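What follows is one structure encoded as structure tokens, with my remarks underneath.
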Amino acid sequence: MNPVGAFADRVALVTGGAASIGRAIVEDLAARGASVVIADRDGPAARQVASELGSRALAVEANVLDGASVSAMVQAALDRFGAIDFLVKPPDARDLFLAIDRAIEQDRASRSEREETAILRARYESLTPREREVCIWVATGSLNKQIADRLGTSEKTVKVHRGQVMHKFGIRSVAELVRIVDRLGLRAPAD
């Protein structure tokens with residue numbers, strides 16, 4: 001399914017993780033590189049499993065039916081690992097691993113989106129101050145003549161800046177520019 005190390009830098013919280021299928025899931029996730037939070041009503045058993053797994057494991061005595069217990073469990077996990085991917089043990093381990101695979105795929109997509117946004121931000125930062133102004137006004141739907149009047153320059157100069165903006169972003173249409181400006185959260189200054 002997933003190779004060793006596939007869950008490196010992930011934190012898995014497994015309820016009922018001290019015995020039976022829960023323990024098997026904890027051990028498998030740890031073997032695949034995950035840090036694990038072993039949440040179980042049987043605190044001594046959870047601590048035993050955690051001690052066997054070493055520093056990447058945290059035992060938490062918790063009853064998931066009790067809100068205060070859940071809050072304490074989550075806080076302990078956050079204090080130790082800083083983040084959690086919640087994994088609730090289903091009756092079928094196969095369902096759990098399918099859910100884990102989906103979560104990892106969603107994380108990959110999210111990381112990819114953040115990387116693309118960072119690239120767009122860097123391209124925006126590479127624009128000259130005047131190109132940035134033209135970029136935003138073009139994305140608002142302003143005509144070259146309107147932009148030239150607003151910026152106190154010629155229409156031909158606006159066309160040159162507009163061409164540079166399109167070139168630096170590697171795009172061909174105003175629609176693409178509108179999507180980029182929106183994605184970067186840029187807005188035209190108020191008049």
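As shown in the structure tokens, the chain order sets the letters A, B, ...; within each chain, residues go from 1, and ligands are also counted from 1 in the order they appear.
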- prompt: as a PyMOL selection string, which residues of range 41-189 of chain A does DSSP assign to alpha helix (DSSP H)?
  reply: chain A and resi 43-53+67-81+93-125+129-139+144-151+155-169+174-183
Selected residues written out, C-alpha atoms, as an mmCIF file, in the first residue's frame:
```
data_model
loop_
_atom_site.group_PDB
_atom_site.id
_atom_site.type_symbol
_atom_site.label_atom_id
_atom_site.label_comp_id
_atom_site.auth_asym_id
_atom_site.auth_seq_id
_atom_site.Cartn_x
_atom_site.Cartn_y
_atom_site.Cartn_z
ATOM 1 C CA GLY A 43 -4.099 4.595 30.325
ATOM 2 C CA PRO A 44 -1.494 2.038 31.510
ATOM 3 C CA ALA A 45 -1.895 -0.003 28.305
ATOM 4 C CA ALA A 46 -1.584 3.152 26.172
ATOM 5 C CA ARG A 47 1.586 4.146 28.064
ATOM 6 C CA GLN A 48 3.017 0.647 27.521
ATOM 7 C CA VAL A 49 2.467 0.872 23.751
ATOM 8 C CA ALA A 50 3.937 4.381 23.685
ATOM 9 C CA SER A 51 7.037 3.284 25.608
ATOM 10 C CA GLU A 52 7.568 0.458 23.095
ATOM 11 C CA LEU A 53 7.379 2.922 20.184
ATOM 12 C CA GLY A 67 -15.918 16.336 25.920
ATOM 13 C CA ALA A 68 -13.477 17.364 28.671
ATOM 14 C CA SER A 69 -11.457 14.202 28.092
ATOM 15 C CA VAL A 70 -11.339 14.878 24.343
ATOM 16 C CA SER A 71 -10.231 18.486 24.936
ATOM 17 C CA ALA A 72 -7.433 17.330 27.241
ATOM 18 C CA MET A 73 -6.404 14.687 24.698
ATOM 19 C CA VAL A 74 -6.242 17.200 21.866
ATOM 20 C CA GLN A 75 -4.337 19.732 23.981
ATOM 21 C CA ALA A 76 -1.769 17.117 25.040
ATOM 22 C CA ALA A 77 -1.238 16.120 21.403
ATOM 23 C CA LEU A 78 -0.895 19.744 20.272
ATOM 24 C CA ASP A 79 1.547 20.503 23.099
ATOM 25 C CA ARG A 80 3.719 17.570 22.091
ATOM 26 C CA PHE A 81 3.489 17.585 18.282
ATOM 27 C CA ALA A 93 -8.603 -1.117 8.983
ATOM 28 C CA ARG A 94 -8.795 -1.007 5.173
ATOM 29 C CA ASP A 95 -11.274 1.900 5.421
ATOM 30 C CA LEU A 96 -8.889 3.709 7.725
ATOM 31 C CA PHE A 97 -5.959 3.391 5.344
ATOM 32 C CA LEU A 98 -8.117 4.527 2.442
ATOM 33 C CA ALA A 99 -9.030 7.585 4.520
ATOM 34 C CA ILE A 100 -5.359 8.173 5.296
ATOM 35 C CA ASP A 101 -4.501 7.929 1.608
ATOM 36 C CA ARG A 102 -7.239 10.472 0.776
ATOM 37 C CA ALA A 103 -5.974 12.821 3.492
ATOM 38 C CA ILE A 104 -2.424 12.627 2.151
ATOM 39 C CA GLU A 105 -3.653 13.302 -1.376
ATOM 40 C CA GLN A 106 -5.620 16.326 -0.143
ATOM 41 C CA ASP A 107 -2.494 17.561 1.644
ATOM 42 C CA ARG A 108 -0.445 17.162 -1.544
ATOM 43 C CA ALA A 109 -3.022 19.166 -3.489
ATOM 44 C CA SER A 110 -3.055 21.853 -0.810
ATOM 45 C CA ARG A 111 0.748 22.060 -0.810
ATOM 46 C CA SER A 112 0.755 22.263 -4.589
ATOM 47 C CA GLU A 113 -1.744 25.123 -4.475
ATOM 48 C CA ARG A 114 0.374 26.976 -1.898
ATOM 49 C CA GLU A 115 3.488 26.481 -4.053
ATOM 50 C CA GLU A 116 1.678 27.817 -7.127
ATOM 51 C CA THR A 117 0.506 30.839 -5.148
ATOM 52 C CA ALA A 118 4.081 31.456 -3.969
ATOM 53 C CA ILE A 119 5.286 31.361 -7.573
ATOM 54 C CA LEU A 120 2.572 33.827 -8.619
ATOM 55 C CA ARG A 121 3.462 36.085 -5.672
ATOM 56 C CA ALA A 122 7.140 36.032 -6.730
ATOM 57 C CA ARG A 123 6.170 36.924 -10.291
ATOM 58 C CA TYR A 124 4.023 39.783 -8.997
ATOM 59 C CA GLU A 125 6.930 41.003 -6.868
ATOM 60 C CA PRO A 129 5.721 49.520 -9.360
ATOM 61 C CA ARG A 130 4.058 50.905 -12.518
ATOM 62 C CA GLU A 131 3.500 47.403 -13.918
ATOM 63 C CA ARG A 132 1.814 46.456 -10.633
ATOM 64 C CA GLU A 133 -0.549 49.405 -10.950
ATOM 65 C CA VAL A 134 -1.353 48.531 -14.561
ATOM 66 C CA CYS A 135 -1.801 44.860 -13.603
ATOM 67 C CA ILE A 136 -4.436 45.631 -11.017
ATOM 68 C CA TRP A 137 -6.298 48.159 -13.170
ATOM 69 C CA VAL A 138 -6.356 45.765 -16.150
ATOM 70 C CA ALA A 139 -7.753 43.044 -13.878
ATOM 71 C CA ASN A 144 -6.027 51.135 -21.569
ATOM 72 C CA LYS A 145 -7.226 54.719 -22.101
ATOM 73 C CA GLN A 146 -8.874 54.802 -18.668
ATOM 74 C CA ILE A 147 -5.719 53.434 -17.040
ATOM 75 C CA ALA A 148 -3.555 55.976 -18.889
ATOM 76 C CA ASP A 149 -5.769 58.837 -17.697
ATOM 77 C CA ARG A 150 -5.773 57.513 -14.135
ATOM 78 C CA LEU A 151 -1.971 57.106 -14.051
ATOM 79 C CA GLU A 155 -2.137 54.788 -23.708
ATOM 80 C CA LYS A 156 0.882 53.382 -25.590
ATOM 81 C CA THR A 157 2.881 53.243 -22.333
ATOM 82 C CA VAL A 158 0.021 51.388 -20.643
ATOM 83 C CA LYS A 159 0.016 48.875 -23.525
ATOM 84 C CA VAL A 160 3.759 48.289 -23.047
ATOM 85 C CA HIS A 161 3.332 47.762 -19.284
ATOM 86 C CA ARG A 162 0.354 45.506 -19.884
ATOM 87 C CA GLY A 163 2.424 43.407 -22.286
ATOM 88 C CA GLN A 164 5.206 43.141 -19.704
ATOM 89 C CA VAL A 165 2.738 42.040 -17.030
ATOM 90 C CA MET A 166 1.336 39.329 -19.289
ATOM 91 C CA HIS A 167 4.857 38.211 -20.252
ATOM 92 C CA LYS A 168 6.163 38.085 -16.664
ATOM 93 C CA PHE A 169 3.165 36.036 -15.532
ATOM 94 C CA VAL A 174 -7.025 39.068 -19.213
ATOM 95 C CA ALA A 175 -9.209 36.325 -17.733
ATOM 96 C CA GLU A 176 -6.057 34.541 -16.521
ATOM 97 C CA LEU A 177 -4.801 37.833 -15.072
ATOM 98 C CA VAL A 178 -8.099 38.345 -13.239
ATOM 99 C CA ARG A 179 -7.779 34.868 -11.668
ATOM 100 C CA ILE A 180 -4.191 35.590 -10.598
ATOM 101 C CA VAL A 181 -5.019 38.985 -9.092
ATOM 102 C CA ASP A 182 -7.963 37.437 -7.250
ATOM 103 C CA ARG A 183 -5.863 34.504 -6.009
#
```
Show me, as a PyMOL selection string, the residues that have an atom within 12 Å of Val14 in chain A when counting only C-alpha atoms, minus same-chain residues fewer than 2 positions from it. chain A and resi 11-12+16-19+21-30+34-41+46+50+57-62+64+73-74+77+84-90+93+96+100
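Considering the residues A:Arg32, A:Ser20, A:Gly54, A:Ala188 and counting only C-alpha atoms, Gly141 in chain A has its shortest atom-to-atom contact with A:Ala188.
Backbone DSSP of range 24-128 of chain A yields strand (DSSP E) at A:Ser35, A:Val36, A:Val37, A:Ile38, A:Ala39, A:Asp40, A:Ala57, A:Leu58, A:Ala59, A:Val60, A:Glu61, A:Asp85, A:Phe86, A:Leu87.
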One residue among A:Ser173, A:Thr140, A:Asp9, A:Thr15 is nearest to Pro189 in chain A when using only C-alpha atoms, and that residue is A:Thr140
